[in-house]
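Report on the structure given below.
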Amino acid sequence: MNRAFVRKALQFVVGIGLAVFLLWWGLPRIAHTTWTDVWATLSGLQASTVVGLTILMISGLWLVTFLYTGSLKGLTHGQAMIVNACGSSIGNLLPGGGAAGVVVTYHQLRSWGFLRRDISTMVIVTGVWNVLARVVLPVVGILAILIGIGQLNPVVAQAAIIGALIGLAVIVAFWGVLASEDFAHKLGRQSTRVWRRIRRKKAADTDFEKTLVGMRHDIIEIVRYGWLEMTYGLVGFFGVYYILFWFCLNSMGVQMPFAYMFGAYTVGRLLTAVGITPGGLGVTEAGTAAVLVGWGADPAQATAGVVLFSLYTHFFEVPLGVLGWALWWASPKRIPADAAYDEAGEDEDSVDVRVGGRQLEEHRGPRPGRI
């Protein structure tokens, strides 16, 4: 049996098992409540509320398509919705599933005729924009708490500082690459050395220097024409999801000042990046509930609201992903303009481009025209 398959299967089983443990056993204990009280609170949910929350969730997912269309010329919002739904469903099922989601995104976009180089550039730029958003969130959360309350919860402060520092490092590296080709060479060489030390023989052919310098012009072009659309998409997405978060908690009876609500939301969004469980499941809910209860929310109501929000942002995205796969399968396919390399016998992995630890594909030689 293939070792990679066994490793992925083991990661799936361990990740799901840990998420279930954290949700079923850890969440009520951290929030100082019981599942009996949580279910009793959730049972009062009205059908009209369910419909309204569903509309909000879909609105947020639609807004995030602007991130994709702004970073890949020719991509429609419908295609972006399919790509996002399928990638998110994979990410919500596997620990560290973001890397697998990148692979899914790549193959779907290739089937619609997009070039390897354009897809690779899109993945890098959208990844950086996501980091930018997650840097801004804790900063805004801190300001909201300081202005509205005058004191900062240590949990929020620690999560915000860590997220901000990591994000700041990514931003400096990203803008350094855009501003200076010499910086791109240096960063590429250092990144290659570190990656080869970590991966050893598996990364012997990896060359981040060539990748960064080769894609620098494409990244600059995308940022120049698509930055406003991408920013609008992410700001709209996180804004709508905060409204969804507020309504989920409010429908369960939790009523707190904006600063508290937004601070808890910020913590939750940061914890989704924890890769030990699929999409940070269990870790996110426990951390968010703990912050809310620590700020005085009723334990059962706060936990019920957090669980309801998780149903919309995690579990409901899985069936949406199944629908996305069906729509992708039925969609018209197109042979990419650079597919001639395959007919010439060129190996698809001729240039090793790694994003999120997974390999994307790009060819050597003259670049074909854009689609």
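Starting from 1 in every chain, residues are counted up; chains themselves are A, B, ... following the order of the structure tokens, and ligands are numbered from 1 as listed.
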* To do: Identify, on the basis of only C-alpha atoms, every residue whose closest approach to Phe247 (chain A) does not exceed 10 Å; exclude the query and any residue fewer than 3 positions from it along the same chain; express the result as a list in words.
  =>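 Using only C-alpha atoms, the neighbours found are Thr49, Gly52, Leu53, Leu56, Tyr241, Tyr242, Ile243, Leu244, Asn250, Ser251, Met252, Gly253, Val254, Gln255, Gly305, Leu308 and Phe309 of chain A.
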* Name all residues at most 9 Å from region 14-19 of chain A (count only C-alpha atoms; drop same-chain ones fewer than 4 positions away) and give them as a ChimeraX atom specification. => /A:9-10,23-24,93-95,275-278,280-283
* Selection: 12 Å around Ile30 (chain A), only C-alpha atoms, excl. self and same-chain fewer than 5 positions, as a PyMOL selection string -> chain A and resi 22-25+282-283+285-294+299-300+302-303
* **Residue among A:Thr105, A:Tyr265, A:Ile55, A:Arg189 lying closest to Gly91 (chain A), counting only C-alpha atoms** =>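 Among the listed residues, A:Thr105 lies closest to Gly91 (chain A).
Every residue of region 249-357 of chain A with a DSSP assignment of strand (DSSP E), taken from the backbone, is listed as Val351, Asp352, Val353, Arg354 and Val355 of chain A.
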Output the selection as a PDB file, in the first residue's frame - N, CA and C atoms for each residue.
ATOM      1  N   VAL A 351       9.267  22.180 -13.231  1.00  0.00           N
ATOM      2  CA  VAL A 351       9.665  23.225 -12.293  1.00  0.00           C
ATOM      3  C   VAL A 351       8.906  22.989 -11.002  1.00  0.00           C
ATOM      4  N   ASP A 352       9.612  22.926  -9.914  1.00  0.00           N
ATOM      5  CA  ASP A 352       9.001  22.605  -8.636  1.00  0.00           C
ATOM      6  C   ASP A 352       8.533  23.884  -7.961  1.00  0.00           C
ATOM      7  N   VAL A 353       7.230  24.094  -7.922  1.00  0.00           N
ATOM      8  CA  VAL A 353       6.657  25.261  -7.272  1.00  0.00           C
ATOM      9  C   VAL A 353       5.857  24.769  -6.095  1.00  0.00           C
ATOM     10  N   ARG A 354       6.259  25.153  -4.884  1.00  0.00           N
ATOM     11  CA  ARG A 354       5.563  24.649  -3.714  1.00  0.00           C
ATOM     12  C   ARG A 354       4.878  25.788  -3.005  1.00  0.00           C
ATOM     13  N   VAL A 355       3.596  25.579  -2.748  1.00  0.00           N
ATOM     14  CA  VAL A 355       2.813  26.547  -2.000  1.00  0.00           C
ATOM     15  C   VAL A 355       2.101  25.772  -0.917  1.00  0.00           C
TER      16      VAL A 355
END
* **Filtered DSSP result for region 88-263 of chain A, state alpha helix (DSSP H), as a PyMOL selection string** => chain A and resi 88-91+98-111+116-148+154-179+181-199+208-251+258-263
* Residue neighbourhood Asp218 (chain A), 10 Å, only C-alpha atoms, exclusion window fewer than 6 positions, as number ranges by chain -> A: 117-118, 120-122, 125, 224
Taking N, CA and C atoms for each residue, export the selection above as a PDB file, in the first residue's frame.
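Contents of the output file result06.pdb:
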ATOM      1  N   ARG A 117       1.234  28.776 -14.901  1.00  0.00           N
ATOM      2  CA  ARG A 117       1.904  29.908 -14.268  1.00  0.00           C
ATOM      3  C   ARG A 117       0.896  30.870 -13.648  1.00  0.00           C
ATOM      4  N   ASP A 118      -0.224  31.080 -14.326  1.00  0.00           N
ATOM      5  CA  ASP A 118      -1.259  31.968 -13.787  1.00  0.00           C
ATOM      6  C   ASP A 118      -1.863  31.404 -12.509  1.00  0.00           C
ATOM      7  N   SER A 120      -0.429  29.236 -10.381  1.00  0.00           N
ATOM      8  CA  SER A 120       0.566  29.279  -9.308  1.00  0.00           C
ATOM      9  C   SER A 120       0.664  30.678  -8.709  1.00  0.00           C
ATOM     10  N   THR A 121       0.651  31.689  -9.587  1.00  0.00           N
ATOM     11  CA  THR A 121       0.715  33.070  -9.112  1.00  0.00           C
ATOM     12  C   THR A 121      -0.522  33.421  -8.302  1.00  0.00           C
ATOM     13  N   MET A 122      -1.689  32.984  -8.762  1.00  0.00           N
ATOM     14  CA  MET A 122      -2.940  33.235  -8.046  1.00  0.00           C
ATOM     15  C   MET A 122      -2.890  32.652  -6.635  1.00  0.00           C
ATOM     16  N   VAL A 125      -0.643  34.858  -4.394  1.00  0.00           N
ATOM     17  CA  VAL A 125      -1.220  36.168  -4.089  1.00  0.00           C
ATOM     18  C   VAL A 125      -2.416  36.041  -3.156  1.00  0.00           C
ATOM     19  N   ARG A 224      -1.268  44.929  -9.138  1.00  0.00           N
ATOM     20  CA  ARG A 224      -1.547  46.242  -9.727  1.00  0.00           C
ATOM     21  C   ARG A 224      -2.999  46.355 -10.181  1.00  0.00           C
TER      22      ARG A 224
END
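Of the listed residues A:Gly233, A:Pro28, A:Gly87, A:Gly113, the one whose atoms come nearest to Ser71 (chain A) is A:Gly233, with distances taken using only C-alpha atoms.
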* Rank A:Glu181, A:Gln46, A:Asp37, A:Met57 by their smallest atom-to-atom distance to Leu320 (chain A), using only C-alpha atoms, and report the top residue only. =>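 Result for the nearest residue to Leu320 (chain A): A:Met57.
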* Of the listed residues A:Ser59, A:Gln108, A:Thr34, A:Thr284, that which approaches Trp329 (chain A) most closely, counting only C-alpha atoms ->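 With only C-alpha atoms as the atom set, the closest residue is A:Gln108.
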* Choose the residue, out of A:Met256, A:Ile58, A:Val140, A:Val172, that has the smallest atom-to-atom separation from Asp298 (chain A); count only C-alpha atoms. => A:Met256
Find the spatial neighbours of Ile90 (chain A), counting only C-alpha atoms, within a cut-off of 12 Å - ignore same-chain residues fewer than 3 positions away - and output them as a short mmCIF file (atom, residue, chain, number, x, y, z; two decimals) with N, CA and C atoms, in the first residue's frame.
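Written output follows (result-v1.cif):
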data_model
loop_
_atom_site.label_atom_id
_atom_site.label_comp_id
_atom_site.auth_asym_id
_atom_site.auth_seq_id
_atom_site.Cartn_x
_atom_site.Cartn_y
_atom_site.Cartn_z
N PHE A 12 -6.02 11.79 8.72
CA PHE A 12 -7.47 12.02 8.72
C PHE A 12 -8.11 11.44 9.97
N VAL A 83 -14.71 26.51 -6.99
CA VAL A 83 -13.35 26.28 -6.50
C VAL A 83 -13.29 26.48 -4.98
N ASN A 84 -13.91 27.55 -4.49
CA ASN A 84 -13.89 27.83 -3.06
C ASN A 84 -14.63 26.76 -2.27
N ALA A 85 -15.79 26.34 -2.78
CA ALA A 85 -16.58 25.32 -2.08
C ALA A 85 -15.83 23.99 -2.00
N CYS A 86 -15.22 23.58 -3.11
CA CYS A 86 -14.49 22.30 -3.12
C CYS A 86 -13.24 22.37 -2.25
N GLY A 87 -12.49 23.46 -2.36
CA GLY A 87 -11.29 23.60 -1.55
C GLY A 87 -11.59 23.68 -0.07
N LEU A 93 -12.05 18.71 6.12
CA LEU A 93 -12.04 17.28 6.39
C LEU A 93 -10.66 16.75 6.77
N LEU A 94 -9.61 17.47 6.40
CA LEU A 94 -8.25 16.99 6.63
C LEU A 94 -7.46 17.95 7.52
N PRO A 95 -6.65 17.43 8.45
CA PRO A 95 -5.75 18.30 9.20
C PRO A 95 -4.74 18.93 8.24
N GLY A 96 -4.55 20.24 8.32
CA GLY A 96 -3.69 20.91 7.37
C GLY A 96 -4.22 20.80 5.96
N GLY A 97 -5.56 20.74 5.85
CA GLY A 97 -6.18 20.49 4.56
C GLY A 97 -6.06 21.61 3.56
N GLY A 98 -5.52 22.75 3.99
CA GLY A 98 -5.35 23.86 3.05
C GLY A 98 -4.45 23.48 1.89
N ALA A 99 -3.41 22.67 2.16
CA ALA A 99 -2.51 22.23 1.10
C ALA A 99 -3.23 21.35 0.09
N ALA A 100 -4.06 20.43 0.59
CA ALA A 100 -4.85 19.58 -0.31
C ALA A 100 -5.84 20.41 -1.10
N GLY A 101 -6.38 21.45 -0.46
CA GLY A 101 -7.30 22.34 -1.16
C GLY A 101 -6.62 23.05 -2.31
N VAL A 102 -5.33 23.40 -2.15
CA VAL A 102 -4.57 24.04 -3.23
C VAL A 102 -4.46 23.10 -4.43
N VAL A 103 -4.20 21.82 -4.16
CA VAL A 103 -4.07 20.84 -5.23
C VAL A 103 -5.41 20.69 -5.99
N VAL A 104 -6.51 20.66 -5.23
CA VAL A 104 -7.83 20.57 -5.85
C VAL A 104 -8.10 21.79 -6.71
N THR A 105 -7.80 22.96 -6.17
CA THR A 105 -7.99 24.21 -6.92
C THR A 105 -7.19 24.19 -8.22
N PRO A 278 -8.89 19.26 11.45
CA PRO A 278 -9.40 19.84 10.20
C PRO A 278 -10.01 21.22 10.42
N GLY A 279 -9.43 22.25 9.80
CA GLY A 279 -9.96 23.60 9.91
C GLY A 279 -9.92 24.16 11.32
N HIS A 314 -18.27 25.49 9.11
CA HIS A 314 -17.45 24.29 8.97
C HIS A 314 -18.24 23.13 8.36
N PHE A 315 -19.25 22.68 9.05
CA PHE A 315 -19.96 21.48 8.61
C PHE A 315 -20.79 21.70 7.35
N GLU A 317 -20.26 23.60 4.96
CA GLU A 317 -19.43 23.77 3.77
C GLU A 317 -19.07 22.44 3.12
N VAL A 318 -19.20 21.34 3.85
CA VAL A 318 -18.91 20.02 3.28
C VAL A 318 -19.94 19.62 2.23
N PRO A 319 -21.26 19.66 2.52
CA PRO A 319 -22.23 19.37 1.45
C PRO A 319 -22.17 20.38 0.32
N LEU A 320 -21.83 21.63 0.62
CA LEU A 320 -21.64 22.61 -0.45
C LEU A 320 -20.49 22.19 -1.36
N GLY A 321 -19.46 21.60 -0.76
CA GLY A 321 -18.34 21.10 -1.55
C GLY A 321 -18.75 19.95 -2.45
N VAL A 322 -19.62 19.07 -1.95
CA VAL A 322 -20.13 17.97 -2.78
C VAL A 322 -20.90 18.52 -3.98
N GLY A 324 -20.41 21.46 -5.24
CA GLY A 324 -19.39 22.07 -6.09
C GLY A 324 -18.71 21.06 -6.99
N TRP A 325 -18.40 19.88 -6.44
CA TRP A 325 -17.79 18.83 -7.26
C TRP A 325 -18.71 18.40 -8.39
#
* Option closest in space to Ala40 (chain A), from A:Thr211, A:Thr126, A:Thr65, A:Gln301 [counting only C-alpha atoms] ->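 Checking each candidate against Ala40 (chain A), we get A:Gln301 as the closest.
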* Close residues, Leu109 (chain A) itself excluded, 10 Å, only C-alpha atoms, min 2 positions apart in chain, as JSON, numbers by chain -> {"A": [72, 75, 79, 80, 83, 104, 105, 106, 107, 111, 112, 113, 114, 115, 116, 118, 119, 328, 333, 334, 336]}
